[in-house]
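Student: One structure, as C-alpha cells, below. Some questions next.
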Amino acid sequence: MTNIRITAAEVSKRYKPTQPDAHKGTQGHALLIGGSYGKMGAISLTTKAALKSGCGLVTAFIPKCGYGILQIGLPEAMIFTDTHKNHLSRILFDITPQAIGIGPGIGKEKETQKALQRFLKTNEKPLVIDADALNILSLNQTWYTLLQPRTILTPHPKELERLVGPWYSDTEKMQKAIDFSKQYQVIIVLKGAPTRIIDGDTIYENTTGNAALATAGSGDVLTGIITGLLAQSYEPIDAAILGVYLHGLTADIALPETGTESFIASDIIDYLGKAFLTLQK
C-alpha cells in the first residue's frame, strides 16, 4: 500500500491553468443530476460549485418542482426537468456533457432507483456518484458491476459502511475500501477528517480543511467541484485530488474571517476563487 499526502506541491503537479485563448466551449460541459421535493438546495449547491470550478458550461437535470429555484438562483446554469414533479423518474437529456455528477438531493423513490439503474447501464461519461445515489447502490448491490472503471464515489463513513459492510477498526475500514476500489476499479473519496482518496492500493490523504467543513451541504459542494474538474478533462484521480484539496483550502482561508461555527457550505463556493489563486502563484 502506498500513502501520499495531498499537499500544495502534490497538487501543483496536477493543476492545469486556464489557457489565455479559452472560451466556454473549451472549458467543458458538466451535467449535475439530482434534487427532489424539499431537497433542491443540495443540487443547487452542487451546480453552483461546478460553475465556480472553471467549467465552461453547466446543466442541471432535476424534477419539475425545482425549476424556478435553480433557474432564478443560478442564471448561469441551464436547466432540464423530468416529467415528474417531485422526484426523478427517468434520466434523459439531449446534450453531450464531458462529465456527470449524480446523487445530491435525489432521494430513494422506487422510480428514482429504476432511473438510476437504467442510467448506469448506458452511461459512458466520466461520473461522480454521491449522496442518495450511493445509498441506492447499497440497496441494490448487484448494480456495482454497472459502474464504469474510474468512476468516483464520494461517501461519508456511514455511506461507505452501507456500500462495503461494517468494520471494527480503522484498519479494517481502509482495507474494505481498498478491496472495493480494486474489485470494481473505482476511486473512493472517503470524506472525513482527514478526507482520504482510495485508488486501489494507493491512499491519498488530504492536508487541507478544518472543522468548519462539518456543515450541511459541504459534500454536495465537493461533488460539484470534482465534476466540474472532470468536465475540464482532468483525469479522474487528478480531479479528485485537486477537488478535495481546494474544498478544504476554502475553509482554511475563510477561518480567520468566519470562524468555525458560522461557516456554511455556500462559503466554500464563495472562497473557491481565493483557493484557486493560491495555485496560480
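Scheme for the C-alpha cells: letters A, B, ... for chains in order shown; per-chain residue numbers from 1; ligand numbers from 1 in order shown.
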Any idea what's packed within 12 Å of Lys85 in chain A, counting only C-alpha atoms, ignoring anything in its chain fewer than 4 positions away? Could you give it as a count of residues only?
Tutor: 13
Student: Within 10 Å of Gly219 in chain A, counting only C-alpha atoms, which residues show up once you throw out same-chain ones fewer than 6 positions away? Write them as a PyMOL selection string, please.
Tutor: chain A and resi 42+45-46+104+130-131+154-156+191+213+225+247+265
Student: Run DSSP on the backbone and give me the residues of range 87-268 of chain A it puts in alpha helix (DSSP H), as a PDB file with N, CA and C atoms, in the first residue's frame.
Tutor:
ATOM      1  N   LYS A 110     -38.753   4.619  -5.532  1.00  0.00           N
ATOM      2  CA  LYS A 110     -38.601   3.435  -6.389  1.00  0.00           C
ATOM      3  C   LYS A 110     -38.374   3.823  -7.844  1.00  0.00           C
ATOM      4  N   GLU A 111     -39.113   4.831  -8.311  1.00  0.00           N
ATOM      5  CA  GLU A 111     -38.925   5.292  -9.695  1.00  0.00           C
ATOM      6  C   GLU A 111     -37.516   5.842  -9.902  1.00  0.00           C
ATOM      7  N   THR A 112     -37.024   6.533  -8.895  1.00  0.00           N
ATOM      8  CA  THR A 112     -35.679   7.094  -8.986  1.00  0.00           C
ATOM      9  C   THR A 112     -34.641   5.987  -9.013  1.00  0.00           C
ATOM     10  N   GLN A 113     -34.842   4.947  -8.228  1.00  0.00           N
ATOM     11  CA  GLN A 113     -33.919   3.817  -8.231  1.00  0.00           C
ATOM     12  C   GLN A 113     -33.866   3.157  -9.615  1.00  0.00           C
ATOM     13  N   LYS A 114     -35.016   2.956 -10.222  1.00  0.00           N
ATOM     14  CA  LYS A 114     -35.046   2.348 -11.554  1.00  0.00           C
ATOM     15  C   LYS A 114     -34.388   3.253 -12.592  1.00  0.00           C
ATOM     16  N   ALA A 115     -34.607   4.560 -12.440  1.00  0.00           N
ATOM     17  CA  ALA A 115     -33.990   5.513 -13.366  1.00  0.00           C
ATOM     18  C   ALA A 115     -32.470   5.467 -13.249  1.00  0.00           C
ATOM     19  N   LEU A 116     -31.956   5.360 -12.021  1.00  0.00           N
ATOM     20  CA  LEU A 116     -30.510   5.272 -11.818  1.00  0.00           C
ATOM     21  C   LEU A 116     -29.956   4.002 -12.449  1.00  0.00           C
ATOM     22  N   GLN A 117     -30.654   2.899 -12.283  1.00  0.00           N
ATOM     23  CA  GLN A 117     -30.186   1.650 -12.889  1.00  0.00           C
ATOM     24  C   GLN A 117     -30.093   1.764 -14.407  1.00  0.00           C
ATOM     25  N   ARG A 118     -31.127   2.326 -15.029  1.00  0.00           N
ATOM     26  CA  ARG A 118     -31.103   2.482 -16.489  1.00  0.00           C
ATOM     27  C   ARG A 118     -29.968   3.400 -16.917  1.00  0.00           C
ATOM     28  N   PHE A 119     -29.753   4.456 -16.142  1.00  0.00           N
ATOM     29  CA  PHE A 119     -28.678   5.399 -16.444  1.00  0.00           C
ATOM     30  C   PHE A 119     -27.317   4.717 -16.378  1.00  0.00           C
ATOM     31  N   LEU A 120     -27.073   3.956 -15.312  1.00  0.00           N
ATOM     32  CA  LEU A 120     -25.784   3.292 -15.149  1.00  0.00           C
ATOM     33  C   LEU A 120     -25.516   2.265 -16.247  1.00  0.00           C
ATOM     34  N   LYS A 121     -26.560   1.670 -16.764  1.00  0.00           N
ATOM     35  CA  LYS A 121     -26.394   0.670 -17.822  1.00  0.00           C
ATOM     36  C   LYS A 121     -25.907   1.285 -19.130  1.00  0.00           C
ATOM     37  N   THR A 122     -26.224   2.550 -19.339  1.00  0.00           N
ATOM     38  CA  THR A 122     -25.915   3.169 -20.638  1.00  0.00           C
ATOM     39  C   THR A 122     -24.838   4.243 -20.573  1.00  0.00           C
ATOM     40  N   ALA A 131     -24.120  10.881  -2.298  1.00  0.00           N
ATOM     41  CA  ALA A 131     -25.348  11.020  -1.518  1.00  0.00           C
ATOM     42  C   ALA A 131     -26.314   9.863  -1.750  1.00  0.00           C
ATOM     43  N   ASP A 132     -27.601  10.161  -2.008  1.00  0.00           N
ATOM     44  CA  ASP A 132     -28.584   9.086  -2.120  1.00  0.00           C
ATOM     45  C   ASP A 132     -28.358   8.184  -3.330  1.00  0.00           C
ATOM     46  N   ALA A 133     -27.629   8.625  -4.337  1.00  0.00           N
ATOM     47  CA  ALA A 133     -27.275   7.705  -5.422  1.00  0.00           C
ATOM     48  C   ALA A 133     -26.380   6.590  -4.885  1.00  0.00           C
ATOM     49  N   LEU A 134     -25.513   6.917  -3.924  1.00  0.00           N
ATOM     50  CA  LEU A 134     -24.712   5.881  -3.265  1.00  0.00           C
ATOM     51  C   LEU A 134     -25.593   4.976  -2.421  1.00  0.00           C
ATOM     52  N   ASN A 135     -26.555   5.564  -1.725  1.00  0.00           N
ATOM     53  CA  ASN A 135     -27.445   4.760  -0.888  1.00  0.00           C
ATOM     54  C   ASN A 135     -28.329   3.840  -1.723  1.00  0.00           C
ATOM     55  N   ILE A 136     -28.739   4.315  -2.891  1.00  0.00           N
ATOM     56  CA  ILE A 136     -29.495   3.449  -3.804  1.00  0.00           C
ATOM     57  C   ILE A 136     -28.627   2.273  -4.249  1.00  0.00           C
ATOM     58  N   LEU A 137     -27.369   2.549  -4.570  1.00  0.00           N
ATOM     59  CA  LEU A 137     -26.450   1.467  -4.945  1.00  0.00           C
ATOM     60  C   LEU A 137     -26.338   0.436  -3.829  1.00  0.00           C
ATOM     61  N   SER A 138     -26.223   0.907  -2.590  1.00  0.00           N
ATOM     62  CA  SER A 138     -26.050  -0.020  -1.475  1.00  0.00           C
ATOM     63  C   SER A 138     -27.295  -0.879  -1.251  1.00  0.00           C
ATOM     64  N   LEU A 139     -28.443  -0.377  -1.684  1.00  0.00           N
ATOM     65  CA  LEU A 139     -29.683  -1.162  -1.607  1.00  0.00           C
ATOM     66  C   LEU A 139     -29.809  -2.164  -2.753  1.00  0.00           C
ATOM     67  N   PRO A 157     -18.444   8.298   5.970  1.00  0.00           N
ATOM     68  CA  PRO A 157     -18.245   6.959   6.543  1.00  0.00           C
ATOM     69  C   PRO A 157     -19.502   6.091   6.600  1.00  0.00           C
ATOM     70  N   LYS A 158     -20.657   6.677   6.929  1.00  0.00           N
ATOM     71  CA  LYS A 158     -21.871   5.859   7.016  1.00  0.00           C
ATOM     72  C   LYS A 158     -22.280   5.346   5.641  1.00  0.00           C
ATOM     73  N   GLU A 159     -22.135   6.173   4.607  1.00  0.00           N
ATOM     74  CA  GLU A 159     -22.445   5.722   3.246  1.00  0.00           C
ATOM     75  C   GLU A 159     -21.474   4.635   2.807  1.00  0.00           C
ATOM     76  N   LEU A 160     -20.211   4.769   3.196  1.00  0.00           N
ATOM     77  CA  LEU A 160     -19.243   3.720   2.872  1.00  0.00           C
ATOM     78  C   LEU A 160     -19.631   2.417   3.553  1.00  0.00           C
ATOM     79  N   GLU A 161     -20.047   2.493   4.803  1.00  0.00           N
ATOM     80  CA  GLU A 161     -20.450   1.278   5.523  1.00  0.00           C
ATOM     81  C   GLU A 161     -21.605   0.572   4.817  1.00  0.00           C
ATOM     82  N   ARG A 162     -22.537   1.353   4.306  1.00  0.00           N
ATOM     83  CA  ARG A 162     -23.653   0.742   3.580  1.00  0.00           C
ATOM     84  C   ARG A 162     -23.168   0.041   2.306  1.00  0.00           C
ATOM     85  N   LEU A 163     -22.131   0.597   1.696  1.00  0.00           N
ATOM     86  CA  LEU A 163     -21.610   0.016   0.449  1.00  0.00           C
ATOM     87  C   LEU A 163     -20.781  -1.240   0.687  1.00  0.00           C
ATOM     88  N   VAL A 164     -19.914  -1.220   1.709  1.00  0.00           N
ATOM     89  CA  VAL A 164     -18.925  -2.299   1.870  1.00  0.00           C
ATOM     90  C   VAL A 164     -19.175  -3.174   3.087  1.00  0.00           C
ATOM     91  N   ASP A 170     -10.243   1.131  12.259  1.00  0.00           N
ATOM     92  CA  ASP A 170      -9.910   1.986  11.121  1.00  0.00           C
ATOM     93  C   ASP A 170      -9.136   1.208  10.067  1.00  0.00           C
ATOM     94  N   THR A 171      -8.302   0.299  10.500  1.00  0.00           N
ATOM     95  CA  THR A 171      -7.530  -0.524   9.556  1.00  0.00           C
ATOM     96  C   THR A 171      -8.449  -1.380   8.705  1.00  0.00           C
ATOM     97  N   GLU A 172      -9.449  -1.998   9.336  1.00  0.00           N
ATOM     98  CA  GLU A 172     -10.392  -2.822   8.589  1.00  0.00           C
ATOM     99  C   GLU A 172     -11.230  -1.977   7.637  1.00  0.00           C
ATOM    100  N   LYS A 173     -11.605  -0.776   8.073  1.00  0.00           N
ATOM    101  CA  LYS A 173     -12.359   0.133   7.193  1.00  0.00           C
ATOM    102  C   LYS A 173     -11.570   0.427   5.929  1.00  0.00           C
ATOM    103  N   MET A 174     -10.313   0.788   6.098  1.00  0.00           N
ATOM    104  CA  MET A 174      -9.491   1.120   4.942  1.00  0.00           C
ATOM    105  C   MET A 174      -9.282  -0.090   4.049  1.00  0.00           C
ATOM    106  N   GLN A 175      -9.119  -1.267   4.633  1.00  0.00           N
ATOM    107  CA  GLN A 175      -8.926  -2.465   3.813  1.00  0.00           C
ATOM    108  C   GLN A 175     -10.184  -2.782   3.008  1.00  0.00           C
ATOM    109  N   LYS A 176     -11.347  -2.610   3.622  1.00  0.00           N
ATOM    110  CA  LYS A 176     -12.593  -2.836   2.889  1.00  0.00           C
ATOM    111  C   LYS A 176     -12.728  -1.843   1.731  1.00  0.00           C
ATOM    112  N   ALA A 177     -12.344  -0.593   1.974  1.00  0.00           N
ATOM    113  CA  ALA A 177     -12.404   0.415   0.906  1.00  0.00           C
ATOM    114  C   ALA A 177     -11.427   0.074  -0.217  1.00  0.00           C
ATOM    115  N   ILE A 178     -10.221  -0.352   0.148  1.00  0.00           N
ATOM    116  CA  ILE A 178      -9.227  -0.751  -0.858  1.00  0.00           C
ATOM    117  C   ILE A 178      -9.742  -1.925  -1.681  1.00  0.00           C
ATOM    118  N   ASP A 179     -10.290  -2.922  -1.009  1.00  0.00           N
ATOM    119  CA  ASP A 179     -10.800  -4.105  -1.711  1.00  0.00           C
ATOM    120  C   ASP A 179     -11.923  -3.740  -2.668  1.00  0.00           C
ATOM    121  N   PHE A 180     -12.815  -2.849  -2.221  1.00  0.00           N
ATOM    122  CA  PHE A 180     -13.928  -2.414  -3.061  1.00  0.00           C
ATOM    123  C   PHE A 180     -13.398  -1.658  -4.273  1.00  0.00           C
ATOM    124  N   SER A 181     -12.459  -0.736  -4.033  1.00  0.00           N
ATOM    125  CA  SER A 181     -11.874   0.042  -5.125  1.00  0.00           C
ATOM    126  C   SER A 181     -11.230  -0.872  -6.169  1.00  0.00           C
ATOM    127  N   LYS A 182     -10.502  -1.874  -5.715  1.00  0.00           N
ATOM    128  CA  LYS A 182      -9.818  -2.789  -6.639  1.00  0.00           C
ATOM    129  C   LYS A 182     -10.806  -3.686  -7.381  1.00  0.00           C
ATOM    130  N   GLN A 183     -11.811  -4.177  -6.658  1.00  0.00           N
ATOM    131  CA  GLN A 183     -12.755  -5.104  -7.279  1.00  0.00           C
ATOM    132  C   GLN A 183     -13.548  -4.437  -8.391  1.00  0.00           C
ATOM    133  N   TYR A 184     -13.981  -3.186  -8.166  1.00  0.00           N
ATOM    134  CA  TYR A 184     -14.842  -2.519  -9.140  1.00  0.00           C
ATOM    135  C   TYR A 184     -14.121  -1.425  -9.925  1.00  0.00           C
ATOM    136  N   SER A 218     -21.779  20.490   2.606  1.00  0.00           N
ATOM    137  CA  SER A 218     -20.357  20.502   2.283  1.00  0.00           C
ATOM    138  C   SER A 218     -20.014  19.437   1.241  1.00  0.00           C
ATOM    139  N   GLY A 219     -20.575  18.239   1.394  1.00  0.00           N
ATOM    140  CA  GLY A 219     -20.317  17.169   0.438  1.00  0.00           C
ATOM    141  C   GLY A 219     -20.925  17.434  -0.925  1.00  0.00           C
ATOM    142  N   ASP A 220     -22.082  18.089  -0.951  1.00  0.00           N
ATOM    143  CA  ASP A 220     -22.709  18.434  -2.233  1.00  0.00           C
ATOM    144  C   ASP A 220     -21.815  19.372  -3.031  1.00  0.00           C
ATOM    145  N   VAL A 221     -21.195  20.318  -2.331  1.00  0.00           N
ATOM    146  CA  VAL A 221     -20.275  21.246  -2.988  1.00  0.00           C
ATOM    147  C   VAL A 221     -19.068  20.495  -3.544  1.00  0.00           C
ATOM    148  N   LEU A 222     -18.525  19.563  -2.765  1.00  0.00           N
ATOM    149  CA  LEU A 222     -17.373  18.789  -3.236  1.00  0.00           C
ATOM    150  C   LEU A 222     -17.707  18.032  -4.511  1.00  0.00           C
ATOM    151  N   THR A 223     -18.887  17.454  -4.593  1.00  0.00           N
ATOM    152  CA  THR A 223     -19.290  16.745  -5.809  1.00  0.00           C
ATOM    153  C   THR A 223     -19.303  17.680  -7.009  1.00  0.00           C
ATOM    154  N   GLY A 224     -19.805  18.901  -6.819  1.00  0.00           N
ATOM    155  CA  GLY A 224     -19.823  19.859  -7.921  1.00  0.00           C
ATOM    156  C   GLY A 224     -18.432  20.245  -8.367  1.00  0.00           C
ATOM    157  N   ILE A 225     -17.532  20.458  -7.405  1.00  0.00           N
ATOM    158  CA  ILE A 225     -16.156  20.831  -7.756  1.00  0.00           C
ATOM    159  C   ILE A 225     -15.486  19.723  -8.548  1.00  0.00           C
ATOM    160  N   ILE A 226     -15.583  18.497  -8.057  1.00  0.00           N
ATOM    161  CA  ILE A 226     -14.918  17.373  -8.740  1.00  0.00           C
ATOM    162  C   ILE A 226     -15.518  17.150 -10.121  1.00  0.00           C
ATOM    163  N   THR A 227     -16.842  17.233 -10.237  1.00  0.00           N
ATOM    164  CA  THR A 227     -17.479  17.041 -11.547  1.00  0.00           C
ATOM    165  C   THR A 227     -17.046  18.133 -12.513  1.00  0.00           C
ATOM    166  N   GLY A 228     -16.978  19.377 -12.037  1.00  0.00           N
ATOM    167  CA  GLY A 228     -16.529  20.471 -12.892  1.00  0.00           C
ATOM    168  C   GLY A 228     -15.110  20.270 -13.382  1.00  0.00           C
ATOM    169  N   LEU A 229     -14.240  19.770 -12.524  1.00  0.00           N
ATOM    170  CA  LEU A 229     -12.857  19.498 -12.924  1.00  0.00           C
ATOM    171  C   LEU A 229     -12.794  18.343 -13.915  1.00  0.00           C
ATOM    172  N   LEU A 230     -13.581  17.305 -13.682  1.00  0.00           N
ATOM    173  CA  LEU A 230     -13.651  16.184 -14.630  1.00  0.00           C
ATOM    174  C   LEU A 230     -14.057  16.672 -16.013  1.00  0.00           C
ATOM    175  N   ALA A 231     -15.033  17.581 -16.055  1.00  0.00           N
ATOM    176  CA  ALA A 231     -15.518  18.098 -17.336  1.00  0.00           C
ATOM    177  C   ALA A 231     -14.447  18.885 -18.074  1.00  0.00           C
ATOM    178  N   PRO A 236      -9.625  11.308 -13.722  1.00  0.00           N
ATOM    179  CA  PRO A 236     -10.433  11.171 -12.510  1.00  0.00           C
ATOM    180  C   PRO A 236      -9.644  11.301 -11.210  1.00  0.00           C
ATOM    181  N   ILE A 237      -8.484  10.682 -11.113  1.00  0.00           N
ATOM    182  CA  ILE A 237      -7.730  10.782  -9.865  1.00  0.00           C
ATOM    183  C   ILE A 237      -7.238  12.204  -9.640  1.00  0.00           C
ATOM    184  N   ASP A 238      -6.866  12.902 -10.703  1.00  0.00           N
ATOM    185  CA  ASP A 238      -6.416  14.290 -10.556  1.00  0.00           C
ATOM    186  C   ASP A 238      -7.564  15.201 -10.160  1.00  0.00           C
ATOM    187  N   ALA A 239      -8.754  14.970 -10.728  1.00  0.00           N
ATOM    188  CA  ALA A 239      -9.928  15.759 -10.357  1.00  0.00           C
ATOM    189  C   ALA A 239     -10.274  15.554  -8.889  1.00  0.00           C
ATOM    190  N   ALA A 240     -10.184  14.318  -8.424  1.00  0.00           N
ATOM    191  CA  ALA A 240     -10.486  14.029  -7.025  1.00  0.00           C
ATOM    192  C   ALA A 240      -9.475  14.689  -6.100  1.00  0.00           C
ATOM    193  N   ILE A 241      -8.196  14.582  -6.425  1.00  0.00           N
ATOM    194  CA  ILE A 241      -7.142  15.158  -5.590  1.00  0.00           C
ATOM    195  C   ILE A 241      -7.255  16.679  -5.548  1.00  0.00           C
ATOM    196  N   LEU A 242      -7.360  17.301  -6.709  1.00  0.00           N
ATOM    197  CA  LEU A 242      -7.474  18.754  -6.768  1.00  0.00           C
ATOM    198  C   LEU A 242      -8.758  19.220  -6.087  1.00  0.00           C
ATOM    199  N   GLY A 243      -9.844  18.483  -6.278  1.00  0.00           N
ATOM    200  CA  GLY A 243     -11.127  18.857  -5.690  1.00  0.00           C
ATOM    201  C   GLY A 243     -11.111  18.853  -4.176  1.00  0.00           C
ATOM    202  N   VAL A 244     -10.592  17.788  -3.554  1.00  0.00           N
ATOM    203  CA  VAL A 244     -10.603  17.739  -2.091  1.00  0.00           C
ATOM    204  C   VAL A 244      -9.632  18.763  -1.502  1.00  0.00           C
ATOM    205  N   TYR A 245      -8.525  19.006  -2.197  1.00  0.00           N
ATOM    206  CA  TYR A 245      -7.557  19.991  -1.714  1.00  0.00           C
ATOM    207  C   TYR A 245      -8.165  21.399  -1.705  1.00  0.00           C
ATOM    208  N   LEU A 246      -8.774  21.795  -2.822  1.00  0.00           N
ATOM    209  CA  LEU A 246      -9.387  23.121  -2.911  1.00  0.00           C
ATOM    210  C   LEU A 246     -10.552  23.254  -1.939  1.00  0.00           C
ATOM    211  N   HIS A 247     -11.365  22.223  -1.844  1.00  0.00           N
ATOM    212  CA  HIS A 247     -12.514  22.200  -0.941  1.00  0.00           C
ATOM    213  C   HIS A 247     -12.060  22.477   0.495  1.00  0.00           C
ATOM    214  N   GLY A 248     -11.035  21.776   0.940  1.00  0.00           N
ATOM    215  CA  GLY A 248     -10.531  22.002   2.278  1.00  0.00           C
ATOM    216  C   GLY A 248      -9.864  23.353   2.445  1.00  0.00           C
ATOM    217  N   LEU A 249      -9.163  23.789   1.407  1.00  0.00           N
ATOM    218  CA  LEU A 249      -8.435  25.058   1.482  1.00  0.00           C
ATOM    219  C   LEU A 249      -9.377  26.244   1.661  1.00  0.00           C
ATOM    220  N   THR A 250     -10.575  26.170   1.097  1.00  0.00           N
ATOM    221  CA  THR A 250     -11.522  27.276   1.282  1.00  0.00           C
ATOM    222  C   THR A 250     -11.802  27.514   2.758  1.00  0.00           C
ATOM    223  N   ALA A 251     -11.930  26.442   3.524  1.00  0.00           N
ATOM    224  CA  ALA A 251     -12.204  26.582   4.959  1.00  0.00           C
ATOM    225  C   ALA A 251     -10.996  27.140   5.695  1.00  0.00           C
ATOM    226  N   ASP A 252      -9.794  26.772   5.257  1.00  0.00           N
ATOM    227  CA  ASP A 252      -8.585  27.319   5.880  1.00  0.00           C
ATOM    228  C   ASP A 252      -8.461  28.817   5.618  1.00  0.00           C
ATOM    229  N   ILE A 253      -8.774  29.219   4.393  1.00  0.00           N
ATOM    230  CA  ILE A 253      -8.693  30.640   4.040  1.00  0.00           C
ATOM    231  C   ILE A 253      -9.763  31.444   4.777  1.00  0.00           C
ATOM    232  N   ALA A 254     -10.957  30.874   4.892  1.00  0.00           N
ATOM    233  CA  ALA A 254     -12.090  31.603   5.475  1.00  0.00           C
ATOM    234  C   ALA A 254     -12.040  31.696   6.993  1.00  0.00           C
ATOM    235  N   LEU A 255     -11.362  30.751   7.633  1.00  0.00           N
ATOM    236  CA  LEU A 255     -11.443  30.611   9.088  1.00  0.00           C
ATOM    237  C   LEU A 255     -11.190  31.913   9.862  1.00  0.00           C
ATOM    238  N   PRO A 256     -10.176  32.726   9.518  1.00  0.00           N
ATOM    239  CA  PRO A 256      -9.963  33.966  10.275  1.00  0.00           C
ATOM    240  C   PRO A 256     -11.117  34.960  10.152  1.00  0.00           C
ATOM    241  N   GLU A 257     -11.899  34.840   9.091  1.00  0.00           N
ATOM    242  CA  GLU A 257     -12.999  35.782   8.871  1.00  0.00           C
ATOM    243  C   GLU A 257     -14.337  35.249   9.378  1.00  0.00           C
ATOM    244  N   THR A 258     -14.572  33.944   9.230  1.00  0.00           N
ATOM    245  CA  THR A 258     -15.880  33.380   9.568  1.00  0.00           C
ATOM    246  C   THR A 258     -15.891  32.641  10.889  1.00  0.00           C
ATOM    247  N   ALA A 265     -21.914  25.819   3.808  1.00  0.00           N
ATOM    248  CA  ALA A 265     -21.493  25.248   2.531  1.00  0.00           C
ATOM    249  C   ALA A 265     -21.374  26.288   1.427  1.00  0.00           C
ATOM    250  N   SER A 266     -22.245  27.280   1.436  1.00  0.00           N
ATOM    251  CA  SER A 266     -22.157  28.340   0.427  1.00  0.00           C
ATOM    252  C   SER A 266     -20.837  29.098   0.520  1.00  0.00           C
ATOM    253  N   ASP A 267     -20.262  29.146   1.728  1.00  0.00           N
ATOM    254  CA  ASP A 267     -18.979  29.820   1.896  1.00  0.00           C
ATOM    255  C   ASP A 267     -17.857  29.080   1.173  1.00  0.00           C
ATOM    256  N   ILE A 268     -17.963  27.769   1.086  1.00  0.00           N
ATOM    257  CA  ILE A 268     -16.966  27.002   0.324  1.00  0.00           C
ATOM    258  C   ILE A 268     -16.921  27.526  -1.110  1.00  0.00           C
TER     259      ILE A 268
END
Student: Could you pull out the residues in range 108-209 of chain A that DSSP calls strand (DSSP E or B) from the backbone, as an MDAnalysis selection string?
Tutor: chainID A and resid 127:129 152:153 187:190 196:199 202:206
Student: Give me the residues within 10 Å of Asn123 in chain A as a list in words, counting only C-alpha atoms and dropping any in the same chain fewer than 4 places off.
Tutor: Ile100, Arg118, Phe119, Leu127, Leu146, Leu147 and Gln148 of chain A
Student: Any idea what the distance is between CA of Thr215 in chain A and CA of Ile152 in chain A?
Tutor: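 Interatomic distance here is 21.9 Å.
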